[in-house]
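*Asks:* For reference, the structure I am asking about is given below.
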Amino acid sequence: MSPNDKLHIGVIGAGNIGNVHIQEFQKLPDVVITAVTDVYQPMAIARAKEYGIPTVHVTYQDLLQDPNVDAVVVAVPNEAHAPIAIEALRAGKHVLLEKPMAVNAASAKEIVKAHLKSGKVLMMAHQMRWEPLNLQVKEQIDKGALGKIYNVKTGWLRRKGIPGWGTWFTQMHKAGGGPLIDIGVHMLDLSLHLMGSPKPVSVFGTTYAEFGPKKKGIGTWGKPDWNGFYDVEDLATALIKLDNGSTLSLDVSWAANTSFINNGPYIYLMGSDGGASLQGDKGTLHTELFDRTADVDLVIPQNDEGARVRMSRHFVDCVRESREPITSAMSGLTNSLVLEAIYESSRTGNVVQLDWNLD
C-alpha cells in the first residue's frame, strides 16, 4: 500500500460488536469502511445506511471477493470465527478477528496455519491491552520496575450477567463455552501480556453451572430465547503453570453470589521488586521503600481517545508496515489452548499439559 492510500475495510457481522468496530474505524482518517455483510440482511442494510457504507454484500463470500476490500473485521458468533478467518486469509485479506479465536484449539491451529501461509496480517481484537491504565502498568514492567513477575491473580466476576440465555451465547457447540471463553479470555490474554508472554505449560481447572440451568442470573446483554437451552458454565476457576516457573490463577463468572465490590475485571500482579493492582478504572503500583510499603495510584489521562481507537490504529499500522500485531495469531492460539485445557481438566479432574504441536 502507498502511504497515502486509505485502507479499505469490510465488516463481516453487523451486530453489536460489528457496530462498535465500524464506529471506531470511522474515527481514523486513513480508513474507509467500504462494505458490510450479515446473515440478517436488514441489519447490514441498516448499518450501511447509518454510516454511509457504499456496499452491502449478501454473503461473506461475496465480500471476500470484493476487490475494493483490503482487510476484514470478523465480528460473528464464535462458531464461525475459524471458517471465515481462514477463507479471508486464503482470499488475500488482512484480518481483525474478534475473540475468542475459535471454539476449540484444533480450529485455532487451523487459523494459525492459514495465517502462516497467507503472508497477511491476522490480529486478535483484545482491546484491553490498549486500556490506558494497562498501558501504564506495561510501561513500568518493561522498565523492570516490578522485577520478576512470579504470581498473578486475575478474573472477571459478574454477579448477574448471563447474556442471551438460550441463544448461541449459552450453547457449547456454538460459543465454545460460557464466561471462560467470553470474558475470561480477555483477562487471560491481558495477564499473559503483562507477564511478558511466558508460555503456558499446564492447567488445572474446574467449571460450574449453578445459575444458567435454573434460568437465574440473567443479564441485560442480548435477547433471551426461552425456547433455547443452556449447556455452558456460569463460573470457572483455574491455575495455570508457565514455562518460567510463574503461576496465573483465573476466576470468571457470568453469575455468582459474591460481593458487588469485586464485580468486574481485575488483575493483581506480584513481582520481586514491585506489584500492580488493576480493577475497573482504578490502578495502583506497589513496592517497598525505606522498609515501608509504598503505593502509587495511576490516573487515566484526560480526554483519553479510548482503547478501541488505539487497537484499530494498531491494526492499520501493522497492515501498512507488514508487521506482526501485538495481539498476534500466536496469542490467540495460546488463549485457545489454555481455555480448552481448563474445560478438559474440569471434565477429567486431572492436570492437563498443553499441546503446542501444529501438525
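Within each chain, counting starts at residue 1; across the C-alpha cells, chains are named A, B, ... in the order shown, with ligands numbered 1 upward in that order.
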Any idea what's packed within 10 Å of range 66-76 of chain A, counting only C-alpha atoms, ignoring anything in its chain fewer than 3 positions away? Could you give it as an MDAnalysis selection string?

*Replies:* chainID A and resid 1 6:22 32:36 38:39 55 57 60:63 79:82 84:85 88:89 91:99 120:125 315:316 319

*Asks:* Return the single residue from A:Phe169, A:Tyr343, A:Tyr150, A:Tyr51 that is closest to Ser246 in chain A, with distances computed using only C-alpha atoms.

*Replies:* A:Tyr150

*Asks:* Can you list every residue in range 46-104 of chain A that DSSP puts in strand (DSSP E), as a short mmCIF file (atom, residue, chain, number, x, y, z; two decimals) with N, CA and C atoms, in the first residue's frame?

*Replies:*
data_model
loop_
_atom_site.label_atom_id
_atom_site.label_comp_id
_atom_site.auth_asym_id
_atom_site.auth_seq_id
_atom_site.Cartn_x
_atom_site.Cartn_y
_atom_site.Cartn_z
N THR A 55 -21.42 -0.45 0.07
CA THR A 55 -21.79 -1.76 -0.46
C THR A 55 -22.27 -2.69 0.65
N VAL A 56 -23.39 -3.33 0.41
CA VAL A 56 -23.90 -4.39 1.28
C VAL A 56 -23.86 -5.70 0.50
N HIS A 57 -23.08 -6.65 1.00
CA HIS A 57 -22.99 -7.94 0.33
C HIS A 57 -23.98 -8.94 0.95
N ALA A 71 -9.00 -5.41 3.86
CA ALA A 71 -8.96 -6.10 5.16
C ALA A 71 -10.38 -6.28 5.66
N VAL A 72 -10.57 -7.28 6.51
CA VAL A 72 -11.90 -7.54 7.05
C VAL A 72 -11.88 -7.60 8.57
N VAL A 73 -12.99 -7.20 9.15
CA VAL A 73 -13.26 -7.42 10.57
C VAL A 73 -14.22 -8.59 10.67
N VAL A 74 -13.85 -9.60 11.43
CA VAL A 74 -14.71 -10.77 11.62
C VAL A 74 -15.38 -10.64 12.98
N HIS A 94 -6.35 -9.07 4.88
CA HIS A 94 -5.89 -8.94 6.25
C HIS A 94 -7.10 -9.11 7.16
N VAL A 95 -6.87 -9.62 8.38
CA VAL A 95 -8.00 -9.98 9.24
C VAL A 95 -7.83 -9.43 10.65
N LEU A 96 -8.87 -8.74 11.11
CA LEU A 96 -9.01 -8.40 12.53
C LEU A 96 -10.11 -9.30 13.06
N LEU A 97 -9.74 -10.22 13.95
CA LEU A 97 -10.63 -11.29 14.38
C LEU A 97 -11.08 -11.07 15.82
#

*Asks:* Distance CA of Leu242 in chain A-CA of Val203 in chain A, one decimal place?

*Replies:* 9.1 Å

*Asks:* Mind listing the alpha helix (DSSP H) residues of range 127-279 of chain A, per DSSP on the backbone, as a ChimeraX atom specification?

*Replies:* /A:132-142,172-175,179,185-194

*Asks:* One decimal, Å: what's the distance from CA of Gly205 in chain A over to CA of Asn357 in chain A, could you say?

*Replies:* 21.9 Å

*Asks:* When you look at range 102-108 of chain A with a cut-off of 9 Å (counting only C-alpha atoms), what residues show up, excluding the ones that are within fewer than 2 positions of it in the same chain? I need them as a PyMOL selection string.

*Replies:* chain A and resi 78-83+99-100+110-113+172-177+181+329+332-340+358

*Asks:* I need the residues from that last selection saved to file as an mmCIF file, in the first residue's frame (with N, CA and C atoms), if you can.

*Replies:*
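So the final result, stored in again-v6.cif, reads:
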data_model
loop_
_atom_site.group_PDB
_atom_site.id
_atom_site.type_symbol
_atom_site.label_atom_id
_atom_site.label_comp_id
_atom_site.auth_asym_id
_atom_site.auth_seq_id
_atom_site.Cartn_x
_atom_site.Cartn_y
_atom_site.Cartn_z
ATOM 1 N N ASN A 78 -19.121 -17.099 17.659
ATOM 2 C CA ASN A 78 -17.839 -17.804 17.822
ATOM 3 C C ASN A 78 -17.630 -18.970 16.859
ATOM 4 N N GLU A 79 -18.682 -19.743 16.604
ATOM 5 C CA GLU A 79 -18.520 -20.949 15.783
ATOM 6 C C GLU A 79 -18.089 -20.631 14.358
ATOM 7 N N ALA A 80 -18.340 -19.383 13.914
ATOM 8 C CA ALA A 80 -17.992 -19.006 12.543
ATOM 9 C C ALA A 80 -16.633 -18.327 12.447
ATOM 10 N N HIS A 81 -15.967 -18.093 13.557
ATOM 11 C CA HIS A 81 -14.675 -17.398 13.525
ATOM 12 C C HIS A 81 -13.669 -18.120 12.640
ATOM 13 N N ALA A 82 -13.479 -19.405 12.890
ATOM 14 C CA ALA A 82 -12.439 -20.146 12.165
ATOM 15 C C ALA A 82 -12.720 -20.237 10.665
ATOM 16 N N PRO A 83 -13.884 -20.711 10.244
ATOM 17 C CA PRO A 83 -14.084 -20.839 8.797
ATOM 18 C C PRO A 83 -13.983 -19.508 8.050
ATOM 19 N N LYS A 99 -12.501 -11.934 19.516
ATOM 20 C CA LYS A 99 -12.239 -13.041 20.435
ATOM 21 C C LYS A 99 -13.511 -13.853 20.631
ATOM 22 N N PRO A 100 -13.404 -15.147 21.015
ATOM 23 C CA PRO A 100 -12.177 -15.924 21.085
ATOM 24 C C PRO A 100 -11.744 -16.318 19.677
ATOM 25 N N GLU A 110 -5.797 -24.361 12.960
ATOM 26 C CA GLU A 110 -6.044 -24.247 11.517
ATOM 27 C C GLU A 110 -5.955 -22.788 11.068
ATOM 28 N N ILE A 111 -6.438 -21.876 11.906
ATOM 29 C CA ILE A 111 -6.335 -20.445 11.587
ATOM 30 C C ILE A 111 -4.871 -20.035 11.528
ATOM 31 N N VAL A 112 -4.093 -20.465 12.509
ATOM 32 C CA VAL A 112 -2.668 -20.104 12.554
ATOM 33 C C VAL A 112 -1.954 -20.630 11.312
ATOM 34 N N LYS A 113 -2.248 -21.861 10.919
ATOM 35 C CA LYS A 113 -1.591 -22.424 9.734
ATOM 36 C C LYS A 113 -1.980 -21.642 8.471
ATOM 37 N N MET A 172 -22.844 -24.649 23.968
ATOM 38 C CA MET A 172 -21.438 -25.028 23.879
ATOM 39 C C MET A 172 -20.967 -25.222 22.446
ATOM 40 N N HIS A 173 -21.766 -25.862 21.606
ATOM 41 C CA HIS A 173 -21.302 -26.164 20.246
ATOM 42 C C HIS A 173 -21.199 -24.913 19.390
ATOM 43 N N LYS A 174 -21.880 -23.838 19.781
ATOM 44 C CA LYS A 174 -21.830 -22.596 19.017
ATOM 45 C C LYS A 174 -20.855 -21.579 19.610
ATOM 46 N N ALA A 175 -20.808 -21.498 20.942
ATOM 47 C CA ALA A 175 -19.969 -20.484 21.598
ATOM 48 C C ALA A 175 -18.618 -21.029 22.035
ATOM 49 N N GLY A 176 -18.543 -22.338 22.271
ATOM 50 C CA GLY A 176 -17.298 -22.922 22.759
ATOM 51 C C GLY A 176 -17.168 -22.902 24.265
ATOM 52 N N GLY A 177 -18.115 -22.236 24.947
ATOM 53 C CA GLY A 177 -18.073 -22.143 26.399
ATOM 54 C C GLY A 177 -18.876 -20.962 26.885
ATOM 55 N N ILE A 181 -14.784 -18.433 28.070
ATOM 56 C CA ILE A 181 -14.385 -18.109 26.698
ATOM 57 C C ILE A 181 -14.891 -16.731 26.284
ATOM 58 N N ALA A 329 -1.479 -13.832 15.963
ATOM 59 C CA ALA A 329 -2.154 -15.122 15.807
ATOM 60 C C ALA A 329 -1.739 -16.088 16.917
ATOM 61 N N GLY A 332 -3.595 -15.567 20.069
ATOM 62 C CA GLY A 332 -4.921 -16.171 20.007
ATOM 63 C C GLY A 332 -4.884 -17.665 20.239
ATOM 64 N N LEU A 333 -3.889 -18.334 19.657
ATOM 65 C CA LEU A 333 -3.746 -19.773 19.860
ATOM 66 C C LEU A 333 -3.438 -20.092 21.322
ATOM 67 N N THR A 334 -2.571 -19.300 21.927
ATOM 68 C CA THR A 334 -2.235 -19.501 23.342
ATOM 69 C C THR A 334 -3.499 -19.485 24.197
ATOM 70 N N ASN A 335 -4.337 -18.487 23.979
ATOM 71 C CA ASN A 335 -5.573 -18.388 24.747
ATOM 72 C C ASN A 335 -6.459 -19.601 24.511
ATOM 73 N N SER A 336 -6.601 -20.020 23.259
ATOM 74 C CA SER A 336 -7.455 -21.163 22.942
ATOM 75 C C SER A 336 -6.956 -22.447 23.595
ATOM 76 N N LEU A 337 -5.647 -22.650 23.579
ATOM 77 C CA LEU A 337 -5.075 -23.842 24.207
ATOM 78 C C LEU A 337 -5.358 -23.878 25.703
ATOM 79 N N VAL A 338 -5.202 -22.729 26.361
ATOM 80 C CA VAL A 338 -5.432 -22.677 27.813
ATOM 81 C C VAL A 338 -6.908 -22.888 28.126
ATOM 82 N N LEU A 339 -7.784 -22.224 27.398
ATOM 83 C CA LEU A 339 -9.219 -22.351 27.662
ATOM 84 C C LEU A 339 -9.683 -23.791 27.475
ATOM 85 N N GLU A 340 -9.251 -24.422 26.386
ATOM 86 C CA GLU A 340 -9.658 -25.812 26.155
ATOM 87 C C GLU A 340 -9.109 -26.728 27.244
ATOM 88 N N LEU A 358 1.445 -28.014 15.907
ATOM 89 C CA LEU A 358 0.529 -27.544 14.882
ATOM 90 C C LEU A 358 0.162 -28.625 13.855
#

*Asks:* Would you work out the distance separating CA of Glu233 in chain A from CA of Met128 in chain A, expressed in Å to one decimal?

*Replies:*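 Between these atoms lies a distance of 23.1 Å.
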
*Asks:* Choose the residue, out of A:Lys49, A:Pro54, A:Trp165, A:Ala238, that has the smallest atom-to-atom separation from Gly217 in chain A; count only C-alpha atoms.

*Replies:* A:Trp165

*Asks:* Might you pull out every residue within 8 Å of Ala236 in chain A, with only C-alpha atoms counted and same-chain residues fewer than 3 positions away left off, and present them as a ChimeraX atom specification?

*Replies:* /A:179-180,205-208,233,250-253

*Asks:* Using only C-alpha atoms, find the one residue out of A:Pro163, A:Pro198, A:Gly144, A:Gly184 that sits nearest to Tyr266 in chain A.

*Replies:*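 Residue with the minimum atom-to-atom distance to Tyr266 in chain A: A:Gly184.
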
*Asks:* Do a neighbour search on range 351-356 of chain A at 6 Å with only C-alpha atoms, toss out local chain neighbours closer than 2 positions, and write the hits as a list in words.

*Replies:* Val201, Ser202, Val203, Phe204, Ala341 and Ser345 of chain A

*Asks:* Looking at only C-alpha atoms, which of A:Leu116, A:Met43, A:Leu278, A:Met195 is the one that sits closest to Ser328 in chain A?

*Replies:*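 Distance minimum relative to Ser328 in chain A lands on A:Leu116.
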
*Asks:* For each of A:His115, A:Lys109, A:His286, A:Lys148, take the minimum atom-to-atom distance to Glu87 in chain A, counting only C-alpha atoms, then give the residue where this is smallest.

*Replies:*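 Between A:His115, A:Lys109, A:His286, A:Lys148, the residue approaching Glu87 in chain A most closely is A:His115.
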
*Asks:* Counting only C-alpha atoms, what is within 12 Å of Lys138 in chain A, bar same-chain residues fewer than 6 positions away, as a PDB file with N, CA and C atoms, in the first residue's frame?

*Replies:*
ATOM      1  N   MET A 128      -8.397  -4.812  25.585  1.00  0.00           N
ATOM      2  CA  MET A 128      -7.982  -4.465  26.947  1.00  0.00           C
ATOM      3  C   MET A 128      -6.484  -4.179  27.046  1.00  0.00           C
ATOM      4  N   ARG A 129      -5.708  -4.694  26.126  1.00  0.00           N
ATOM      5  CA  ARG A 129      -4.275  -4.379  26.138  1.00  0.00           C
ATOM      6  C   ARG A 129      -4.025  -2.887  25.903  1.00  0.00           C
ATOM      7  N   TRP A 130      -5.014  -2.213  25.290  1.00  0.00           N
ATOM      8  CA  TRP A 130      -4.842  -0.789  24.956  1.00  0.00           C
ATOM      9  C   TRP A 130      -5.555   0.147  25.934  1.00  0.00           C
ATOM     10  N   GLU A 131      -6.093  -0.414  27.027  1.00  0.00           N
ATOM     11  CA  GLU A 131      -6.680   0.456  28.052  1.00  0.00           C
ATOM     12  C   GLU A 131      -5.568   1.300  28.690  1.00  0.00           C
ATOM     13  N   PRO A 132      -5.825   2.573  29.019  1.00  0.00           N
ATOM     14  CA  PRO A 132      -4.756   3.469  29.461  1.00  0.00           C
ATOM     15  C   PRO A 132      -4.010   3.002  30.710  1.00  0.00           C
ATOM     16  N   GLY A 144      11.350  -2.663  34.100  1.00  0.00           N
ATOM     17  CA  GLY A 144      11.900  -3.505  35.158  1.00  0.00           C
ATOM     18  C   GLY A 144      11.454  -3.121  36.551  1.00  0.00           C
ATOM     19  N   ALA A 145      10.455  -2.237  36.677  1.00  0.00           N
ATOM     20  CA  ALA A 145      10.048  -1.732  37.988  1.00  0.00           C
ATOM     21  C   ALA A 145       9.448  -2.818  38.877  1.00  0.00           C
ATOM     22  N   LEU A 146       8.861  -3.842  38.257  1.00  0.00           N
ATOM     23  CA  LEU A 146       8.250  -4.900  39.062  1.00  0.00           C
ATOM     24  C   LEU A 146       9.184  -6.089  39.265  1.00  0.00           C
ATOM     25  N   ILE A 149       7.916 -11.078  37.603  1.00  0.00           N
ATOM     26  CA  ILE A 149       6.515 -11.308  37.982  1.00  0.00           C
ATOM     27  C   ILE A 149       6.316 -12.814  38.119  1.00  0.00           C
ATOM     28  N   LEU A 190      -4.660 -10.513  28.706  1.00  0.00           N
ATOM     29  CA  LEU A 190      -4.014  -9.330  29.285  1.00  0.00           C
ATOM     30  C   LEU A 190      -2.968  -9.729  30.315  1.00  0.00           C
ATOM     31  N   SER A 191      -3.274 -10.696  31.140  1.00  0.00           N
ATOM     32  CA  SER A 191      -2.332 -11.122  32.183  1.00  0.00           C
ATOM     33  C   SER A 191      -1.052 -11.682  31.578  1.00  0.00           C
ATOM     34  N   LEU A 192      -1.191 -12.570  30.583  1.00  0.00           N
ATOM     35  CA  LEU A 192      -0.008 -13.133  29.945  1.00  0.00           C
ATOM     36  C   LEU A 192       0.823 -12.037  29.280  1.00  0.00           C
ATOM     37  N   HIS A 193       0.139 -11.066  28.674  1.00  0.00           N
ATOM     38  CA  HIS A 193       0.833  -9.939  28.039  1.00  0.00           C
ATOM     39  C   HIS A 193       1.637  -9.145  29.071  1.00  0.00           C
ATOM     40  N   LEU A 194       1.024  -8.831  30.204  1.00  0.00           N
ATOM     41  CA  LEU A 194       1.715  -8.058  31.235  1.00  0.00           C
ATOM     42  C   LEU A 194       2.862  -8.852  31.865  1.00  0.00           C
ATOM     43  N   MET A 195       2.738 -10.164  31.875  1.00  0.00           N
ATOM     44  CA  MET A 195       3.781 -11.011  32.442  1.00  0.00           C
ATOM     45  C   MET A 195       4.966 -11.192  31.506  1.00  0.00           C
ATOM     46  N   GLY A 196       4.852 -10.664  30.278  1.00  0.00           N
ATOM     47  CA  GLY A 196       5.937 -10.819  29.314  1.00  0.00           C
ATOM     48  C   GLY A 196       5.742 -11.977  28.364  1.00  0.00           C
ATOM     49  N   SER A 197       4.511 -12.474  28.262  1.00  0.00           N
ATOM     50  CA  SER A 197       4.146 -13.570  27.358  1.00  0.00           C
ATOM     51  C   SER A 197       4.917 -14.862  27.599  1.00  0.00           C
ATOM     52  N   LEU A 269      -0.828  -8.264  40.075  1.00  0.00           N
ATOM     53  CA  LEU A 269       0.488  -8.728  39.636  1.00  0.00           C
ATOM     54  C   LEU A 269       1.462  -8.648  40.799  1.00  0.00           C
ATOM     55  N   GLY A 275       4.693  -4.524  42.567  1.00  0.00           N
ATOM     56  CA  GLY A 275       3.463  -5.167  42.140  1.00  0.00           C
ATOM     57  C   GLY A 275       2.516  -4.151  41.544  1.00  0.00           C
ATOM     58  N   ALA A 276       1.375  -4.625  41.063  1.00  0.00           N
ATOM     59  CA  ALA A 276       0.372  -3.731  40.493  1.00  0.00           C
ATOM     60  C   ALA A 276      -1.003  -4.340  40.697  1.00  0.00           C
ATOM     61  N   LEU A 278      -4.993  -3.790  39.301  1.00  0.00           N
ATOM     62  CA  LEU A 278      -5.876  -3.168  38.322  1.00  0.00           C
ATOM     63  C   LEU A 278      -7.284  -3.699  38.543  1.00  0.00           C
ATOM     64  N   GLY A 283      -6.100   1.829  39.187  1.00  0.00           N
ATOM     65  CA  GLY A 283      -4.844   1.102  39.110  1.00  0.00           C
ATOM     66  C   GLY A 283      -3.848   1.640  40.113  1.00  0.00           C
ATOM     67  N   LEU A 285       0.334   0.980  41.685  1.00  0.00           N
ATOM     68  CA  LEU A 285       1.625   0.305  41.727  1.00  0.00           C
ATOM     69  C   LEU A 285       2.039   0.142  43.180  1.00  0.00           C
TER      70      LEU A 285
END
